[in-house]
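Shown next: final-v8.txt, containing compact mmCIF, C-alpha atoms and all ligand atoms.
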# COMPACT_ATOMS: atom_id res chain seq x y z
CA MET L 281 -62.76 -22.44 -36.23
CA LYS L 282 -61.61 -24.25 -33.10
CA VAL L 283 -63.77 -25.16 -30.09
CA LEU L 284 -62.23 -26.04 -26.73
CA ILE L 285 -64.70 -28.03 -24.67
CA THR L 286 -64.00 -29.15 -21.12
CA GLY L 287 -65.62 -31.59 -18.66
CA PHE L 288 -64.90 -32.15 -14.97
CA ASN L 289 -63.57 -35.23 -13.19
CA PRO L 290 -65.90 -36.97 -10.67
CA PHE L 291 -66.57 -35.25 -7.34
CA GLY L 292 -68.85 -35.52 -4.31
CA GLY L 293 -68.56 -39.32 -4.03
CA GLU L 294 -69.69 -40.05 -7.61
CA ALA L 295 -67.80 -42.70 -9.63
CA ILE L 296 -68.06 -40.77 -12.89
CA ASN L 297 -68.85 -37.25 -14.05
CA PRO L 298 -71.29 -37.20 -16.98
CA SER L 299 -69.81 -33.92 -18.18
CA PHE L 300 -66.48 -35.41 -19.22
CA GLU L 301 -68.07 -38.74 -20.22
CA ALA L 302 -70.15 -36.83 -22.79
CA VAL L 303 -67.33 -34.48 -23.81
CA LYS L 304 -64.97 -37.35 -24.61
CA ARG L 305 -67.60 -38.99 -26.84
CA LEU L 306 -67.99 -35.90 -29.06
CA ASP L 307 -66.89 -36.06 -32.70
CA ASP L 308 -63.54 -34.46 -33.50
CA VAL L 309 -65.18 -32.14 -36.05
CA ILE L 310 -68.64 -30.59 -35.61
CA SER L 311 -70.11 -28.23 -38.22
CA GLY L 312 -66.64 -27.77 -39.68
CA ALA L 313 -65.11 -26.76 -36.34
CA GLU L 314 -62.21 -28.66 -34.79
CA ILE L 315 -63.18 -29.95 -31.33
CA VAL L 316 -60.52 -30.11 -28.60
CA LYS L 317 -61.54 -31.94 -25.40
CA VAL L 318 -59.92 -31.42 -22.01
CA GLU L 319 -60.66 -32.88 -18.57
CA ILE L 320 -60.55 -30.34 -15.73
CA PRO L 321 -60.05 -31.18 -12.02
CA THR L 322 -62.97 -30.32 -9.71
CA VAL L 323 -60.74 -28.09 -7.64
CA PHE L 324 -60.96 -24.36 -6.92
CA ASN L 325 -58.19 -22.31 -8.59
CA LYS L 326 -56.50 -25.33 -10.23
CA SER L 327 -59.52 -25.66 -12.57
CA ILE L 328 -58.96 -22.12 -13.89
CA ILE L 329 -55.20 -22.67 -14.16
CA GLU L 330 -55.76 -25.83 -16.24
CA LEU L 331 -58.32 -24.04 -18.41
CA GLU L 332 -55.96 -21.16 -19.13
CA LYS L 333 -53.17 -23.63 -20.00
CA ALA L 334 -55.48 -25.23 -22.57
CA ILE L 335 -56.49 -21.81 -23.95
CA VAL L 336 -52.83 -20.81 -24.39
CA LYS L 337 -51.96 -24.15 -26.01
CA GLU L 338 -54.95 -24.39 -28.34
CA ASN L 339 -55.83 -20.77 -29.14
CA PRO L 340 -59.56 -21.58 -29.52
CA ASP L 341 -62.29 -19.33 -30.97
CA VAL L 342 -64.96 -20.79 -28.68
CA VAL L 343 -64.67 -22.24 -25.17
CA ILE L 344 -67.49 -24.24 -23.62
CA CYS L 345 -67.05 -25.69 -20.14
CA VAL L 346 -69.41 -28.46 -19.06
CA GLY L 347 -70.29 -29.68 -15.57
CA GLN L 348 -72.68 -31.99 -13.75
CA ALA L 349 -75.77 -30.49 -12.14
CA GLY L 350 -77.20 -33.47 -10.26
CA GLY L 351 -80.90 -32.81 -9.68
CA ARG L 352 -81.54 -30.71 -12.79
CA PHE L 353 -83.67 -32.55 -15.34
CA ASP L 354 -82.63 -30.69 -18.48
CA ILE L 355 -79.55 -29.39 -20.24
CA THR L 356 -78.95 -25.85 -19.01
CA ILE L 357 -76.96 -23.20 -20.82
CA GLU L 358 -75.64 -20.74 -18.25
CA ARG L 359 -76.14 -17.00 -18.75
CA VAL L 360 -74.08 -15.58 -15.90
CA ALA L 361 -71.18 -16.33 -13.53
CA ILE L 362 -70.78 -14.49 -10.20
CA ASN L 363 -67.63 -13.50 -8.32
CA VAL L 364 -68.32 -15.76 -5.32
CA ASP L 365 -66.96 -19.07 -4.08
CA ASP L 366 -69.26 -20.54 -1.41
CA ALA L 367 -68.70 -24.28 -1.12
CA ARG L 368 -71.28 -26.50 0.59
CA ILE L 369 -69.02 -29.53 0.08
CA ALA L 370 -65.24 -29.79 -0.24
CA ASP L 371 -63.68 -29.91 -3.70
CA ASN L 372 -61.43 -32.82 -4.72
CA GLU L 373 -58.49 -31.40 -2.76
CA GLY L 374 -60.40 -30.55 0.42
CA ASN L 375 -60.90 -26.84 -0.27
CA SER L 376 -64.20 -25.30 0.81
CA PRO L 377 -63.98 -21.52 0.52
CA ILE L 378 -66.82 -19.48 2.01
CA ASP L 379 -67.82 -16.16 0.47
CA LYS L 380 -64.49 -15.57 -1.24
CA PRO L 381 -64.21 -13.77 -4.59
CA VAL L 382 -62.96 -15.83 -7.54
CA PHE L 383 -60.80 -12.87 -8.61
CA GLU L 384 -60.26 -9.89 -6.24
CA ASP L 385 -60.08 -7.50 -9.17
CA GLY L 386 -62.98 -8.98 -11.17
CA GLU L 387 -66.45 -7.59 -11.82
CA ASN L 388 -69.30 -8.80 -9.60
CA ALA L 389 -70.52 -10.92 -12.52
CA TYR L 390 -69.87 -11.64 -16.18
CA PHE L 391 -72.36 -12.70 -18.83
CA ALA L 392 -71.75 -15.49 -21.34
CA ASN L 393 -70.93 -14.09 -24.77
CA LEU L 394 -72.08 -17.04 -26.88
CA PRO L 395 -75.62 -17.20 -28.35
CA ILE L 396 -77.11 -19.10 -25.39
CA LYS L 397 -80.71 -18.96 -26.61
CA ALA L 398 -79.78 -20.24 -30.07
CA MET L 399 -77.95 -23.08 -28.31
CA VAL L 400 -81.07 -23.93 -26.28
CA GLU L 401 -83.26 -23.87 -29.42
CA GLU L 402 -80.89 -26.13 -31.34
CA ILE L 403 -80.92 -28.71 -28.54
CA LYS L 404 -84.72 -28.62 -28.32
CA LYS L 405 -84.94 -29.27 -32.09
CA VAL L 406 -83.78 -32.84 -31.43
CA ASP L 407 -86.34 -33.28 -28.64
CA ILE L 408 -83.95 -32.95 -25.75
CA PRO L 409 -85.15 -30.66 -22.93
CA ALA L 410 -82.98 -27.58 -22.49
CA SER L 411 -83.23 -24.09 -21.01
CA VAL L 412 -81.28 -20.99 -20.11
CA SER L 413 -80.12 -21.01 -16.49
CA ASN L 414 -79.43 -17.85 -14.53
CA THR L 415 -77.26 -19.45 -11.88
CA ALA L 416 -74.34 -21.82 -12.14
CA GLY L 417 -74.30 -22.14 -8.33
CA THR L 418 -71.37 -21.11 -6.14
CA PHE L 419 -69.19 -24.24 -6.35
CA VAL L 420 -66.44 -25.14 -8.81
CA CYS L 421 -68.65 -24.86 -11.92
CA ASN L 422 -69.55 -21.21 -11.29
CA HIS L 423 -65.90 -20.69 -10.31
CA LEU L 424 -64.62 -22.07 -13.63
CA MET L 425 -67.25 -20.22 -15.65
CA TYR L 426 -66.35 -16.99 -13.85
CA GLY L 427 -62.66 -17.70 -14.51
CA LEU L 428 -63.35 -18.30 -18.20
CA LEU L 429 -65.33 -15.06 -18.58
CA TYR L 430 -62.79 -13.10 -16.50
CA LEU L 431 -60.03 -14.35 -18.83
CA ILE L 432 -62.14 -13.47 -21.89
CA ASN L 433 -62.88 -9.98 -20.56
CA THR L 434 -59.34 -9.20 -19.48
CA LYS L 435 -56.98 -11.12 -21.78
CA TYR L 436 -58.51 -13.22 -24.56
CA LYS L 437 -61.03 -10.77 -25.94
CA ASN L 438 -61.73 -12.63 -29.19
CA ILE L 439 -62.87 -15.82 -27.47
CA ARG L 440 -66.56 -16.52 -26.99
CA GLY L 441 -67.62 -18.73 -24.12
CA THR L 442 -70.20 -20.13 -21.78
CA PHE L 443 -70.91 -23.04 -19.44
CA ILE L 444 -73.33 -25.97 -19.83
CA HIS L 445 -74.72 -27.99 -16.92
CA VAL L 446 -75.86 -31.57 -17.59
CA PRO L 447 -78.00 -33.96 -15.49
CA PHE L 448 -76.96 -37.22 -13.86
CA ILE L 449 -76.88 -40.30 -16.11
CA PRO L 450 -78.91 -43.44 -15.18
CA MET L 451 -76.09 -45.35 -13.40
CA GLN L 452 -75.75 -42.43 -10.96
CA VAL L 453 -79.37 -42.47 -9.81
CA MET L 454 -79.77 -46.20 -9.05
CA ASN L 455 -79.89 -45.38 -5.34
CA LYS L 456 -81.33 -41.88 -5.59
CA PRO L 457 -85.12 -42.22 -5.81
CA ASN L 458 -87.04 -39.53 -7.70
CA THR L 459 -83.89 -37.96 -9.11
CA PRO L 460 -83.88 -36.77 -12.72
CA PHE L 461 -81.43 -38.30 -15.20
CA MET L 462 -80.64 -38.28 -18.92
CA GLU L 463 -79.01 -40.97 -21.08
CA LEU L 464 -75.34 -40.28 -21.82
CA GLU L 465 -76.04 -40.54 -25.57
CA LYS L 466 -78.65 -37.77 -25.27
CA ILE L 467 -76.28 -35.54 -23.31
CA THR L 468 -73.61 -36.08 -25.98
CA GLU L 469 -76.12 -35.27 -28.72
CA ALA L 470 -77.21 -32.14 -26.85
CA LEU L 471 -73.61 -30.93 -26.55
CA THR L 472 -73.16 -31.56 -30.28
CA MET L 473 -76.21 -29.41 -31.05
CA ALA L 474 -75.02 -26.69 -28.66
CA ILE L 475 -71.64 -26.57 -30.38
CA LYS L 476 -73.34 -26.43 -33.79
CA ALA L 477 -75.39 -23.41 -32.66
CA ALA L 478 -72.37 -21.76 -31.07
CA VAL L 479 -70.26 -21.95 -34.23
CA THR L 480 -72.99 -21.06 -36.73
CA ASN L 481 -74.81 -18.17 -34.98
CA LYS L 482 -73.11 -14.82 -34.60
CA ASP L 483 -75.97 -13.09 -32.82
CA ASP L 484 -78.35 -14.56 -30.30
CA LEU L 485 -82.09 -15.03 -30.85
CA LYS L 486 -84.51 -12.39 -29.53
CA VAL L 487 -86.86 -14.81 -27.83
CA ALA L 488 -88.05 -14.89 -24.24
CA MET L 489 -86.38 -17.58 -22.18
CA GLY L 490 -86.56 -15.98 -18.77
CA LYS L 491 -87.75 -17.77 -15.68
CA ILE L 492 -90.12 -16.53 -12.99
CA PHE L 493 -87.90 -18.23 -10.38
N1 LIG H 1 -70.25 -29.89 -11.17
C1 LIG H 1 -69.91 -29.08 -10.02
C2 LIG H 1 -68.43 -28.94 -10.07
C3 LIG H 1 -67.94 -29.98 -11.02
C4 LIG H 1 -69.15 -30.44 -11.72
O1 LIG H 1 -69.17 -31.24 -12.66
C5 LIG H 1 -70.68 -27.77 -9.97
O2 LIG H 1 -71.79 -27.68 -10.52
O3 LIG H 1 -70.19 -26.81 -9.37
Translate the structure of the given file into C-alpha cells.
Ligand code: PCA
Amino acid sequence: MKVLITGFNPFGGEAINPSFEAVKRLDDVISGAEIVKVEIPTVFNKSIIELEKAIVKENPDVVICVGQAGGRFDITIERVAINVDDARIADNEGNSPIDKPVFEDGENAYFANLPIKAMVEEIKKVDIPASVSNTAGTFVCNHLMYGLLYLINTKYKNIRGTFIHVPFIPMQVMNKPNTPFMELEKITEALTMAIKAAVTNKDDLKVAMGKIF
C-alpha cells in the first residue's frame, strides 16, 4: 500500500504553512503503508498539475491532500469539493479567479471516497479535536481537492482520496489575538492517525457527524 500525502507552500503573507510542515515530519511508513510526501504550490491549476505528476510517478493507492485553514480550531476531514473557484485573495502567482469552474466538464461536486468518519474517530482517540467538514472553501484547497476527486472519477479509479484542513500553529498566531492554533506535533500526530484509519478501514463508520451549520 502506498499513500501520497501533500502539503501546500506558504500563502497569504504567512512565513510557513503548517500543512507541509506536518506532512514532512510524518514517518516514512505508517501502518505498513509507504508514505510519499510532496509539497504543492498554492496556485490555481498548477497545484492540480503538480498533484497529477506525483500520482503518475508514484502510482499511490491513497491520496490525502492537506492545507491550512487559519481560524479553524480542529483538524477537519473534508467530505466534498465543489466545481467553483472564487478567490478572496490572490494565489501565490497573482491569480484570483471569480466564479470559474475548476473543470468545465466536471460534476458540480465530488465526494471524498476515503472513510472520513473513521479518520475523525481515530484522531479523536488520541485526544486531538477533529470533525467532518462539509466545505473546503472556494480557494486553492477546494480547487486541489476537486482536482484530485475529478482525476479519481475520470482517470485513476482505483485511488481513494480526500483533503484534510489543519489549524494555524502557535508561531502564526503571535499577533492574531483570539485565533485558534494547534501544536505542530499534534497536527503531525493527527495526520498519522488519519492515515492509519485510511489504510486500515475499507468501509466508513455509520455514525452521525453532521453539523447543523
Ligand atoms: N490553504 C488554502 C490554500 C493553501 C492552504 O494551505 C485553502 O484553504 O484554500
Query raised in the report: Can I get the residues close to ligand LIG 1 (chain H) as a ChimeraX atom specification, where close means within 10 Å and we count all atoms listed in the file?
Result: /L:287-292,296-300,320-324,327,345-350,365,367,369,371-372,415-425,444-448
Query raised in the report: For Asp407 (chain L), which residue out of L:Glu469, L:Asp483, L:Glu338, L:Glu301 is the nearest one, using all atoms listed in the file?
Result: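 Among the listed residues, the smallest separation from Asp407 (chain L) belongs to L:Glu469.
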Query raised in the report: So how many Å separate CA of Glu465 (chain L) and CA of Ile328 (chain L), to one decimal?
Result: 27.7 Å
Report task. Would you list the residues near (-66.1, -17.6, -31.1) (no more than 12 Å away, in the coordinates of the file, using all atoms listed in the file) as a PyMOL selection string? Result -> chain L and resi 281-284+313+339-344+392-395+432+436-442+475-483
**Report entry** From L:Lys333, L:Arg359, L:Lys405, L:Lys304, residue lying nearest Lys317 (chain L) [all atoms listed in the file]
**Finding:**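 Of all the options, L:Lys304 lies closest to Lys317 (chain L).
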Requested in this report: Using all atoms listed in the file, find the one residue out of L:Asp484, L:Glu401, L:Glu463, L:Asp308 that sits nearest to Met451 (chain L).
Outcome: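 For Met451 (chain L), the nearest of the given residues is L:Glu463.
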Requested in this report: Report the distance between CA of Ser413 (chain L) and CA of Glu358 (chain L) in Å, rounded to one decimal place.
Outcome: 4.8 Å
Query - Straight-line distance linking CA of Phe383 (chain L) with CA of Glu332 (chain L), stated in Å to one decimal - result: 14.2 Å
**Report entry** For Pro450 (chain L), the nearest of the candidates L:Ala410, L:Glu373, L:Phe353, L:Lys491, counting only C-alpha atoms
**Finding:**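 Checking each candidate against Pro450 (chain L), we get L:Phe353 as the closest.
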**Report entry** Among listed residues L:Asp366, L:Glu330, L:Asp385, L:Asp307, nearest Met473 (chain L) (using only C-alpha atoms)
**Finding:** L:Asp307
